[in-house]
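Shown next: start07.cif, containing mmCIF, C-alpha atoms.
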```
data_input
loop_
_atom_site.label_atom_id
_atom_site.label_comp_id
_atom_site.auth_asym_id
_atom_site.auth_seq_id
_atom_site.Cartn_x
_atom_site.Cartn_y
_atom_site.Cartn_z
CA MET A 8 131.61 64.25 69.81
CA SER A 9 133.34 66.50 72.34
CA LEU A 10 133.49 70.29 72.46
CA LEU A 11 136.45 72.29 73.77
CA GLU A 12 136.83 76.01 74.27
CA SER A 13 139.24 77.64 71.84
CA PRO A 14 142.23 79.43 73.46
CA SER A 15 141.09 82.55 71.59
CA PHE A 16 137.45 82.20 72.66
CA GLU A 17 135.52 85.46 73.01
CA THR A 18 131.95 86.40 73.93
CA ILE A 19 130.67 89.41 71.98
CA SER A 20 127.71 91.12 73.62
CA SER A 21 127.55 94.42 71.74
CA GLU A 22 125.96 94.71 68.30
CA ILE A 23 127.28 97.16 65.74
CA LYS A 24 123.79 97.94 64.49
CA SER A 25 120.34 96.41 64.83
CA THR A 26 116.98 97.02 63.25
CA THR A 27 113.47 95.63 63.37
CA HIS A 28 112.32 93.85 60.23
CA PRO A 29 109.35 95.53 58.52
CA GLY A 30 106.10 93.78 59.33
CA GLY A 31 107.34 92.10 62.49
CA SER A 32 107.85 88.69 60.84
CA TYR A 33 110.50 86.05 61.46
CA VAL A 34 113.71 86.71 59.52
CA LEU A 35 114.17 83.46 57.60
CA ALA A 36 116.92 84.23 55.07
CA LEU A 37 119.82 86.64 54.62
CA THR A 38 122.28 87.27 51.81
CA SER A 39 124.71 89.97 50.67
CA LEU A 40 124.34 91.94 47.44
CA GLY A 41 126.75 94.79 46.74
CA ASN A 42 126.16 97.51 49.31
CA TYR A 43 123.12 95.76 50.76
CA TYR A 44 122.13 92.99 53.10
CA VAL A 45 118.98 91.35 51.80
CA SER A 46 116.32 89.56 53.85
CA ALA A 47 113.24 87.42 53.35
CA ALA A 48 110.71 86.92 56.14
CA SER A 49 107.93 84.56 57.19
CA ALA A 50 104.26 84.86 56.24
CA PRO A 51 102.30 86.99 55.82
CA SER A 52 105.20 88.98 54.35
CA ASN A 53 106.04 88.16 50.73
CA ALA A 54 108.41 91.11 50.26
CA ILE A 55 112.20 91.07 50.02
CA HIS A 56 113.97 93.91 51.82
CA LEU A 57 117.34 95.54 51.10
CA PHE A 58 119.25 97.13 53.99
CA ASP A 59 122.14 99.55 53.67
CA LYS A 60 125.24 97.83 55.07
CA SER A 61 126.58 100.92 56.83
CA PHE A 62 123.46 101.95 58.77
CA LEU A 63 121.26 98.83 58.51
CA LYS A 64 118.43 101.00 57.22
CA CYS A 65 115.83 99.52 54.89
CA VAL A 66 116.35 101.38 51.62
CA GLN A 67 114.37 99.29 49.15
CA THR A 68 111.60 96.71 49.06
CA LEU A 69 111.04 94.20 46.28
CA LYS A 70 107.52 92.80 45.93
CA GLY A 71 108.78 89.23 46.26
CA HIS A 72 106.61 86.28 45.28
CA GLN A 73 102.84 86.00 45.09
CA ASN A 74 103.11 83.55 47.96
CA ALA A 75 105.89 83.21 50.51
CA THR A 76 109.55 83.50 49.53
CA THR A 77 111.21 80.15 50.30
CA ALA A 78 114.84 80.66 49.21
CA LEU A 79 117.16 83.61 48.79
CA ARG A 80 120.72 83.72 47.49
CA THR A 81 123.21 85.81 45.54
CA VAL A 82 124.84 84.34 42.42
CA ARG A 83 127.90 85.73 40.64
CA SER A 84 126.30 85.73 37.19
CA ILE A 85 123.16 84.65 35.38
CA GLY A 86 122.16 84.35 31.73
CA GLY A 87 125.46 85.68 30.44
CA SER A 88 125.54 88.71 32.74
CA GLU A 89 128.67 89.00 34.88
CA ARG A 90 126.86 91.05 37.49
CA HIS A 91 126.10 89.65 40.95
CA THR A 92 122.38 88.92 40.98
CA LEU A 93 119.77 88.23 43.64
CA LEU A 94 117.92 84.94 43.08
CA SER A 95 114.77 83.91 44.95
CA ALA A 96 112.27 81.06 44.93
CA GLY A 97 108.70 81.00 46.19
CA LYS A 98 105.53 79.05 46.83
CA ASP A 99 104.14 80.50 43.61
CA GLY A 100 106.27 78.02 41.67
CA CYS A 101 108.67 80.65 40.31
CA VAL A 102 112.38 81.39 40.48
CA ILE A 103 113.16 85.08 39.99
CA ALA A 104 116.41 86.87 39.17
CA TRP A 105 115.99 90.44 40.41
CA ASP A 106 117.26 93.77 39.10
CA GLU A 107 117.53 95.72 42.33
CA ARG A 108 118.19 98.94 40.36
CA SER A 109 114.69 98.92 38.90
CA GLY A 110 113.13 96.94 41.73
CA ALA A 111 111.61 94.49 39.24
CA PRO A 112 112.28 90.94 38.09
CA ALA A 113 114.94 90.72 35.39
CA ILE A 114 114.22 87.05 34.65
CA GLN A 115 111.29 84.96 35.84
CA MET A 116 111.42 81.19 35.45
CA THR A 117 108.25 79.18 35.85
CA ALA A 118 107.49 75.48 36.12
CA SER A 119 105.59 75.27 32.83
CA GLY A 120 102.08 74.86 34.23
CA ARG A 121 103.14 72.97 37.34
CA SER A 122 101.84 74.54 40.53
CA SER A 123 104.49 73.04 42.82
CA THR A 124 106.03 75.14 45.55
CA VAL A 125 109.70 75.82 44.79
CA LEU A 126 111.74 75.36 47.98
CA SER A 127 115.35 75.78 46.81
CA CYS A 128 117.30 77.25 43.90
CA ASP A 129 120.80 77.94 42.61
CA ALA A 130 122.64 79.02 39.46
CA SER A 131 125.72 77.37 38.01
CA HIS A 132 129.10 79.11 38.21
CA ASP A 133 128.82 80.31 34.60
CA GLY A 134 125.23 81.45 35.14
CA LEU A 135 123.90 79.48 32.18
CA THR A 136 121.90 76.95 34.17
CA VAL A 137 119.42 77.52 37.00
CA ALA A 138 118.20 74.60 39.13
CA ALA A 139 115.31 74.45 41.59
CA GLY A 140 113.84 71.84 43.92
CA THR A 141 110.10 71.62 44.47
CA GLY A 142 107.90 70.52 47.29
CA LEU A 143 106.04 67.23 47.10
CA GLN A 144 103.09 67.42 44.70
CA LYS A 145 100.85 64.38 45.02
CA GLU A 146 103.51 61.66 44.76
CA ASP A 147 106.28 63.60 43.00
CA ALA A 148 108.98 66.14 43.78
CA PHE A 149 110.96 67.62 40.90
CA ILE A 150 114.35 69.09 40.14
CA LEU A 151 113.78 71.72 37.44
CA TYR A 152 116.52 73.04 35.16
CA TRP A 153 116.32 76.23 33.08
CA ASP A 154 118.49 78.10 30.65
CA PRO A 155 117.84 81.61 32.07
CA ARG A 156 118.16 83.04 28.57
CA LYS A 157 115.02 81.01 27.69
CA PRO A 158 113.07 81.12 30.95
CA ALA A 159 109.58 80.27 29.72
CA ILE A 160 109.91 76.50 30.10
CA PRO A 161 112.45 74.25 31.85
CA LEU A 162 115.23 72.61 29.85
CA HIS A 163 114.49 69.32 31.59
CA ILE A 164 112.64 68.01 34.61
CA HIS A 165 113.81 65.19 36.86
CA GLY A 166 111.09 63.57 38.93
CA SER A 167 112.56 60.40 40.40
CA THR A 168 115.76 61.61 42.10
CA HIS A 169 113.79 62.37 45.28
CA SER A 170 110.41 61.30 46.63
CA ASP A 171 109.70 64.18 49.02
CA ASP A 172 110.36 67.94 49.47
CA ILE A 173 113.69 68.95 47.91
CA THR A 174 115.11 71.30 50.54
CA ALA A 175 118.51 72.12 49.00
CA VAL A 176 120.14 72.38 45.57
CA HIS A 177 123.73 73.57 45.13
CA PHE A 178 125.96 73.63 42.09
CA LEU A 179 129.63 72.83 42.59
CA LYS A 180 131.44 76.19 42.32
CA ASN A 181 135.09 77.16 41.67
CA CYS A 182 135.58 73.95 39.71
CA PRO A 183 138.74 72.97 37.83
CA SER A 184 136.73 71.99 34.74
CA PRO A 185 133.47 73.00 33.05
CA THR A 186 132.20 69.43 33.51
CA SER A 187 132.60 69.66 37.30
CA GLY A 188 130.62 72.90 37.26
CA GLN A 189 127.61 70.99 35.94
CA ILE A 190 127.36 68.84 39.09
CA LEU A 191 124.34 69.60 41.26
CA LEU A 192 123.98 68.52 44.89
CA SER A 193 120.41 67.98 46.10
CA ALA A 194 118.92 66.96 49.45
CA SER A 195 115.42 66.09 50.55
CA THR A 196 113.15 65.26 53.43
CA ASP A 197 113.15 61.73 51.99
CA GLY A 198 116.54 61.32 53.71
CA LEU A 199 118.62 61.23 50.53
CA VAL A 200 121.52 63.36 49.35
CA SER A 201 122.28 63.10 45.65
CA THR A 202 124.62 64.46 42.99
CA SER A 203 123.49 64.82 39.39
CA ASN A 204 124.83 65.94 36.03
CA SER A 205 122.67 68.97 35.26
CA ALA A 206 123.54 68.78 31.56
CA GLU A 207 122.04 65.30 31.16
CA ASP A 208 118.42 65.16 30.05
CA ASP A 209 117.94 61.46 30.86
CA GLU A 210 117.45 61.29 34.63
CA ASP A 211 118.66 57.68 34.86
CA GLU A 212 121.95 58.79 33.33
CA ALA A 213 122.07 62.09 35.21
CA VAL A 214 122.24 60.76 38.78
CA LEU A 215 125.88 60.28 39.79
CA ASN A 216 125.80 59.32 43.48
CA VAL A 217 123.18 58.83 46.18
CA GLY A 218 123.59 58.67 49.95
CA SER A 219 120.88 57.68 52.43
CA TRP A 220 120.79 59.23 55.91
CA GLY A 221 117.46 57.81 57.01
CA CYS A 222 116.15 61.10 58.44
CA SER A 223 114.55 64.26 57.06
CA ILE A 224 117.26 66.57 55.66
CA SER A 225 116.64 70.30 56.08
CA GLN A 226 119.91 71.72 54.72
CA ALA A 227 122.97 70.59 52.78
CA GLY A 228 125.95 72.07 50.98
CA TRP A 229 129.38 71.49 49.53
CA ILE A 230 132.60 71.53 51.55
CA ARG A 231 135.02 72.70 48.89
CA ASN A 232 138.63 71.67 49.32
CA PRO A 233 141.64 71.87 46.96
CA SER A 234 142.20 68.12 47.21
CA THR A 235 138.65 66.75 47.31
CA ASN A 236 135.10 68.02 47.71
CA ARG A 237 132.84 66.77 50.47
CA VAL A 238 129.25 67.39 51.51
CA TRP A 239 127.65 68.49 54.79
CA ALA A 240 124.01 68.00 55.72
CA ALA A 241 121.74 68.91 58.62
CA SER A 242 118.55 67.14 59.66
CA ASP A 243 115.29 68.32 61.19
CA MET A 244 116.44 66.53 64.36
CA GLU A 245 119.46 68.87 64.76
CA THR A 246 121.95 66.23 63.66
CA PHE A 247 124.97 66.98 61.47
CA SER A 248 126.59 64.72 58.90
CA CYS A 249 129.59 64.78 56.60
CA TRP A 250 129.81 62.81 53.34
CA SER A 251 132.52 61.94 50.85
CA ASN A 252 132.49 63.12 47.25
CA GLU A 253 130.87 59.76 46.40
CA LEU A 254 128.29 60.33 49.19
CA ASP A 255 129.61 57.76 51.64
CA MET A 256 128.79 58.92 55.18
CA LEU A 257 131.91 59.95 57.12
CA GLN A 258 130.37 61.43 60.27
CA ASN A 259 126.92 61.55 61.88
CA CYS A 260 126.48 63.37 65.20
CA ASP A 261 123.93 65.18 67.33
CA ILE A 262 125.13 68.79 67.26
CA ARG A 263 123.30 69.46 70.57
CA ARG A 264 125.14 66.81 72.55
CA PRO A 265 128.44 68.51 73.49
CA SER A 266 128.46 71.48 75.86
CA VAL A 267 131.04 73.70 77.52
CA HIS A 268 131.22 74.52 81.23
CA SER A 269 134.46 76.36 82.04
CA HIS A 270 135.73 79.57 83.63
CA GLY A 271 132.23 80.40 84.81
CA ARG A 272 130.87 80.17 81.25
CA THR A 273 128.33 77.73 79.89
CA TRP A 274 127.32 76.97 76.31
CA VAL A 275 124.64 74.46 75.38
CA THR A 276 123.61 74.09 71.73
CA ASP A 277 119.87 73.85 71.07
CA TYR A 278 119.85 73.86 67.25
CA LEU A 279 122.01 74.15 64.14
CA ILE A 280 121.49 77.38 62.16
CA THR A 281 123.65 76.80 59.07
CA CYS A 282 127.14 75.99 57.82
CA HIS A 283 129.50 78.12 55.78
CA ASN A 284 132.51 77.40 53.58
CA THR A 285 135.62 79.32 54.63
CA LYS A 286 139.33 79.11 53.89
CA ARG A 287 139.87 80.16 57.52
CA SER A 288 139.04 76.69 58.81
CA ASP A 289 141.26 73.62 58.63
CA SER A 290 138.24 71.65 57.43
CA ASN A 291 136.95 74.51 55.22
CA LEU A 292 133.70 74.57 57.19
CA ALA A 293 132.27 76.83 59.91
CA VAL A 294 129.19 75.61 61.79
CA PHE A 295 126.82 78.18 63.31
CA VAL A 296 124.62 76.98 66.15
CA GLY A 297 122.12 78.71 68.42
CA SER A 298 120.49 78.65 71.84
CA ASN A 299 116.82 79.10 72.64
CA GLU A 300 117.77 82.30 74.47
CA GLY A 301 118.85 83.91 71.18
CA ASP A 302 122.64 83.53 71.33
CA VAL A 303 124.78 82.29 68.43
CA ALA A 304 128.04 80.31 68.55
CA LEU A 305 130.61 79.35 65.95
CA LEU A 306 131.95 75.80 66.05
CA SER A 307 134.81 74.35 64.01
CA SER A 308 136.69 71.09 63.70
CA SER A 309 140.09 70.37 62.22
CA ASP A 310 138.57 67.27 60.60
CA VAL A 311 134.79 67.07 60.14
CA THR A 312 135.18 63.57 58.68
CA ASP A 313 136.42 62.09 61.98
CA SER A 314 133.94 61.83 64.86
CA SER A 315 136.76 61.22 67.36
CA VAL A 316 138.27 64.67 66.73
CA PRO A 317 136.96 67.25 69.25
CA TRP A 318 135.22 70.39 68.06
CA ALA A 319 136.16 73.91 69.16
CA ILE A 320 133.80 76.70 70.18
CA ASN A 321 135.39 79.87 68.85
CA SER A 322 133.01 82.74 69.60
CA VAL A 323 129.59 83.46 71.06
CA TRP A 324 127.44 86.42 70.03
CA ALA A 325 125.13 87.07 72.96
CA LYS A 326 122.23 89.24 74.12
CA GLY A 327 121.27 90.43 70.63
CA HIS A 328 118.11 88.36 70.19
CA THR A 329 115.33 87.25 72.50
CA GLY A 330 114.31 84.11 70.64
CA VAL A 331 115.46 81.55 68.12
CA VAL A 332 117.92 82.85 65.50
CA ARG A 333 116.71 81.60 62.11
CA SER A 334 119.39 82.98 59.77
CA VAL A 335 123.08 83.86 59.80
CA LEU A 336 125.19 85.53 57.11
CA TRP A 337 128.97 85.57 57.44
CA ASP A 338 130.11 88.58 55.39
CA GLU A 339 133.81 87.73 55.24
CA ASN A 340 134.65 90.60 52.89
CA HIS A 341 133.54 93.12 55.51
CA GLU A 342 134.38 91.04 58.63
CA ILE A 343 130.77 91.22 59.78
CA LEU A 344 128.31 88.64 61.10
CA VAL A 345 124.64 89.32 60.35
CA THR A 346 121.91 87.54 62.32
CA GLY A 347 118.13 87.41 61.92
CA GLY A 348 115.66 85.92 64.35
CA GLU A 349 112.13 85.11 65.35
CA ASP A 350 112.11 88.38 67.32
CA SER A 351 112.05 90.22 63.93
CA LYS A 352 115.49 91.70 64.60
CA ILE A 353 118.41 91.92 62.20
CA SER A 354 121.74 92.59 63.90
CA THR A 355 125.29 93.12 62.71
CA TRP A 356 128.27 92.12 64.83
CA ARG A 357 132.01 92.44 64.66
CA CYS A 358 134.02 89.27 64.19
CA PRO A 359 137.34 89.07 66.05
CA ILE A 360 140.56 88.18 64.23
CA PRO A 361 142.90 86.65 66.81
CA ARG A 362 146.53 86.12 65.84
CA GLN A 363 147.74 82.62 65.32
CA SER A 364 150.04 81.53 68.06
CA SER A 365 152.56 80.11 65.61
CA GLY A 366 153.18 79.37 61.97
CA PHE A 367 151.44 82.50 60.72
CA ASP A 368 152.89 83.95 57.53
CA GLU A 369 151.50 87.45 57.08
CA GLY A 370 153.07 87.79 53.66
CA ALA A 371 151.41 84.61 52.46
CA MET A 372 148.10 85.80 53.88
CA ASP A 373 148.41 89.10 52.00
CA MET A 374 149.17 87.30 48.74
CA ASP A 375 146.22 85.00 49.23
CA SER A 376 143.76 87.72 50.17
CA ALA A 377 142.76 88.67 46.61
CA ILE A 378 142.21 85.01 45.72
CA LEU A 379 140.15 84.45 48.87
CA LYS A 380 138.01 87.50 48.10
CA ARG A 381 137.29 86.24 44.59
CA GLU A 382 136.35 82.83 45.95
CA ARG A 383 134.10 84.38 48.60
CA ASP A 384 132.42 86.46 45.90
CA ASP A 385 131.66 83.19 44.10
CA GLU A 386 130.22 81.65 47.28
CA MET A 387 127.69 84.23 48.34
CA ASP A 388 124.63 82.08 48.87
CA ILE A 389 123.56 82.05 52.50
CA SER A 390 123.97 78.30 53.28
CA GLU A 391 127.58 78.25 52.10
CA SER A 392 126.98 81.52 52.01
CA GLU A 393 127.83 80.18 48.98
CA PRO A 394 128.27 83.46 54.80
CA VAL A 395 135.27 87.77 58.57
CA ARG A 396 138.58 86.45 58.87
CA MET A 397 138.69 84.46 62.05
CA PHE A 398 140.78 82.10 64.01
CA LEU A 399 139.09 79.15 62.42
CA SER A 400 142.04 78.26 60.27
CA MET A 401 144.66 78.61 62.48
CA THR A 402 146.64 76.66 64.88
CA SER A 403 144.19 76.81 67.78
CA PRO A 404 142.17 73.75 66.61
CA ARG A 405 145.44 71.86 66.11
CA LEU A 406 146.56 72.81 69.59
CA LEU A 407 143.25 71.58 70.96
CA ILE A 408 143.76 68.22 69.25
CA MET A 409 147.36 67.94 70.43
CA ASN A 410 146.37 68.70 74.01
CA TYR A 411 143.52 66.22 73.80
CA LEU A 412 145.74 63.45 72.45
CA THR A 413 148.44 64.21 75.04
CA ARG A 414 145.92 63.78 77.83
CA LYS A 415 144.79 60.49 76.31
CA VAL A 416 148.39 59.20 76.16
CA LYS A 417 149.10 60.21 79.75
CA LYS A 418 146.04 58.31 80.89
#
```
Rewritten as structure tokens:
Amino acid sequence: MSLLESPSFETISSEIKSTTHPGGSYVLALTSLGNYYVSAASAPSNAIHLFDKSFLKCVQTLKGHQNATTALRTVRSIGGSERHTLLSAGKDGCVIAWDERSGAPAIQMTASGRSSTVLSCDASHDGLTVAAGTGLQKEDAFILYWDPRKPAIPLHIHGSTHSDDITAVHFLKNCPSPTSGQILLSASTDGLVSTSNSAEDDEDEAVLNVGSWGCSISQAGWIRNPSTNRVWAASDMETFSCWSNELDMLQNCDIRRPSVHSHGRTWVTDYLITCHNTKRSDSNLAVFVGSNEGDVALLSSSDVTDSSVPWAINSVWAKGHTGVVRSVLWDENHEILVTGGEDSKISTWRCPIPRQSSGFDEGAMDMDSAILKRERDDEMDISESEPVRMFLSMTSPRLLIMNYLTRKVKK
């Protein structure tokens, strides 16, 4: 894996706004809900905080879970409601759909007497199924499925798909058919990524594909593409992988290995923060990485399935944090990057929109903009977040590849 500096590279050192998170805890999760950015923090804080997008002022606090909040995301609908809804999971074994207008839970789904910590959650595109992954309880970890209209007990429980903490669950969104929308991606610290049919009660029949990475998986998500869907995953060892729709591994690399030293600038990646689906990238994926000094960089590749293709570093957001950045939200609708760190700070940043050097059709971009906005609204969870119109799509990665190949031929 090699890393090249994008021709439109820019370092951004001035925040738009910043605030200190109430309670002084680590900012572990961020999502967008209407006019608010929403955060969840580390223990001892159990609360969920809503910040006004314009002034980054905390305007509302939800009580959160009885124990720590472990997952936070926004879904486009739930239980038949077509209203964007905040969904959270916690160590109290509950998944909660919140009504931020009243500040109270609208729907609370429980594990029917099971005391397992819930580590991850998601709702299907139509909002009629909610899935959650639990932590390991004795020798079992479960994927729980609910109909949110009947939240008292799960529809079905799958206990053999994974054998350790289930760190990620994601429904396939923007699907061409209702059947595709029932597919759930799950990942675990047991080293497995799996896809399942959420409508199937029999677990043996439900599992569609399984891929084994052989290391503890901390994050995973879909890479949605018009031609075929793929999967990305990140490990606790700061490695990145890409998988086919059938969960065959296509790439496996240490995201910390490549660095940039040019024009008096240096970038060295210390950890992977998260990945985000975007139509502005040739590969439909943006990879956010961080440094121990508190800076954030955006990496992209024209083909994340090919380890020989060099990556591009597109932007660096610097001097906003003084420690590890734990969460990133890419608010494409408002062209804002939101970051949260171990220093208890939440910051908002501008995201540059460089012009493509060639082949840019402004008319086509205008026509596509409404479609892109609808798709982004359907992808509002923070890991895909399911998170600014940038250079990612454009010709700069292709130019990097062409230049790279030209140099190889000349040699």
- Message: Ranking A:Val267, A:Leu63, A:Cys260, A:Ile224 by minimum distance to A:Ala304 and counting only C-alpha atoms, which one comes first?
- Response: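 Comparing A:Val267, A:Leu63, A:Cys260, A:Ile224 against A:Ala304, the winner is A:Val267.
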- Message: Can you measure atom CA of A:Asp209 to atom CA of A:Trp250 for me? One decimal in Å is fine.
- Response: 25.5 Å
- Give me, please, the distance in Å between atom CA of A:Asp147 and atom CA of A:Ser119, quoted to one decimal.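 Atom CA of A:Ser119 lies at a distance of 15.5 Å from atom CA of A:Asp147.
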- Return the single residue from A:Leu40, A:Val238, A:Leu10, A:Leu35 that is closest to A:Ala75, with distances computed using all atoms listed in the file.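 The answer is A:Leu35, which sits nearest to A:Ala75.
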- Task: Determine, counting all atoms listed in the file, every residue of protein, DNA or RNA that lies within 6 Å of (130.1, 77.7, 41.9) in the file coordinates, then give the result as a PyMOL selection string.
- Result: chain A and resi 131-132+178-181
- Query: Can you tell me, as a PyMOL selection string, what residues are no more than 8 Å from A:Ser251 when counting all atoms listed in the file, ignoring any on the same chain fewer than 2 positions away?
  - Reply: chain A and resi 236-238+249+253-257
- Message: Quick one: residues within 6 Å of stretch 350-360 of chain A, all atoms listed in the file, excluding same-chain residues fewer than 4 positions away - as a list in words?
- Response: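 Residues meeting the cut-off are Glu22, Ile23, Lys24, Ser25, Thr26, Thr27, His28, Gly31, Ser32, Tyr33, Val34, Gly330, Glu342, Ile343, Leu344, Val345, Thr346, Val395, Arg396 and Met397 of chain A.
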- Task: Can you turn the PyMOL selection byres ((chain A and resi 282) around 8) into a concrete residue list for this file, as JSON, numbers by chain?
- Result: {"A": [228, 280, 281, 283, 284, 292, 293, 294, 295, 390, 391]}
- Message: As an exercise, work out the distance from atom CA of A:Asn340 to atom CA of A:Tyr44 in Å and give it to one decimal place.
- Response: 12.7 Å
- Taking the file as shown, what set of residues would the PyMOL selection byres ((chain A and resi 190-206) around 8) give back, as an MDAnalysis selection string? chainID A and resid 140 152 168:179 186:189 207:208 213:229 254
- Query: What do you get, as an MDAnalysis selection string, if you spell out every residue that the PyMOL selection byres ((chain A and resi 150) around 6) selects here?
  - Reply: chainID A and resid 139:140 149 151 164:165
- Between A:Thr273, A:Ser167, A:Ser109, A:Asn321, which one has atoms that come closest to A:Ser13, using all atoms listed in the file?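 Residue with the minimum atom-to-atom distance to A:Ser13: A:Asn321.
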- With distances taken over only C-alpha atoms, the candidate from A:Asn299, A:Ser309, A:Ser234, A:Ser269 nearest A:Lys326 is A:Asn299
- Task: Find the residues with any atom within 6 Å of (134.1, 72.6, 72.1); use all atoms listed in the file and the coordinates as given in the file, and write the answer as a list in words.
- Result: Leu10, Leu11, Glu12, Trp318, Ala319 and Ile320 of chain A
Please produce a file of the residues just selected, as an mmCIF file, keeping the file's coordinate frame, where the atoms kept are C-alpha atoms.
```cif
data_model
loop_
_atom_site.group_PDB
_atom_site.id
_atom_site.type_symbol
_atom_site.label_atom_id
_atom_site.label_comp_id
_atom_site.auth_asym_id
_atom_site.auth_seq_id
_atom_site.Cartn_x
_atom_site.Cartn_y
_atom_site.Cartn_z
ATOM 1 C CA LEU A 10 133.490 70.290 72.460
ATOM 2 C CA LEU A 11 136.450 72.290 73.770
ATOM 3 C CA GLU A 12 136.830 76.010 74.270
ATOM 4 C CA TRP A 318 135.220 70.390 68.060
ATOM 5 C CA ALA A 319 136.160 73.910 69.160
ATOM 6 C CA ILE A 320 133.800 76.700 70.180
#
```
To box stretch 220-226 of chain A, take all atoms listed in the file, fit an axis-aligned box, add 8 Å on each side, and give centre and edge lengths in Å to one decimal, as JSON.
```
{"center_x": 117.7, "center_y": 64.8, "center_z": 56.6, "size_x": 22.2, "size_y": 29.9, "size_z": 19.7}
```
- Message: When you look at A:Asp310 with a cut-off of 9 Å (counting all atoms listed in the file), what residues show up, excluding the ones that are within fewer than 6 positions of it in the same chain? I need them as a list in words.
- Response: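 The residues that qualify are Asp289, Ser290, Val316, Pro317 and Trp318 of chain A.
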- Go through A:Ser298, A:Arg287, A:Gly142, A:Ser307 and flag the residue nearest A:Glu339, using only C-alpha atoms for the distances.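 Smallest distance to A:Glu339 is found for A:Arg287.
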- Which neighbours of A:Glu245 fall inside 9 Å, counting all atoms listed in the file, when residues of the same chain fewer than 5 positions from it are skipped, and could you give them as a list of chain:residue names?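 Once the nearby chain positions are removed, what remains is A:Cys260, A:Asp261, A:Ile262, A:Arg263, A:Asp277, A:Tyr278, A:Leu279.
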- Message: Show me, as a list in words, the residues that have an atom within 9 Å of A:Val66 when counting only C-alpha atoms, minus same-chain residues fewer than 6 positions from it.
- Response: Tyr43, His56, Leu57, Phe58 and Asp59 of chain A
- Item | From A:Glu349, A:Asp211, A:Asp313, A:Asp99, residue lying nearest A:Thr141 [all atoms listed in the file] | A:Asp99
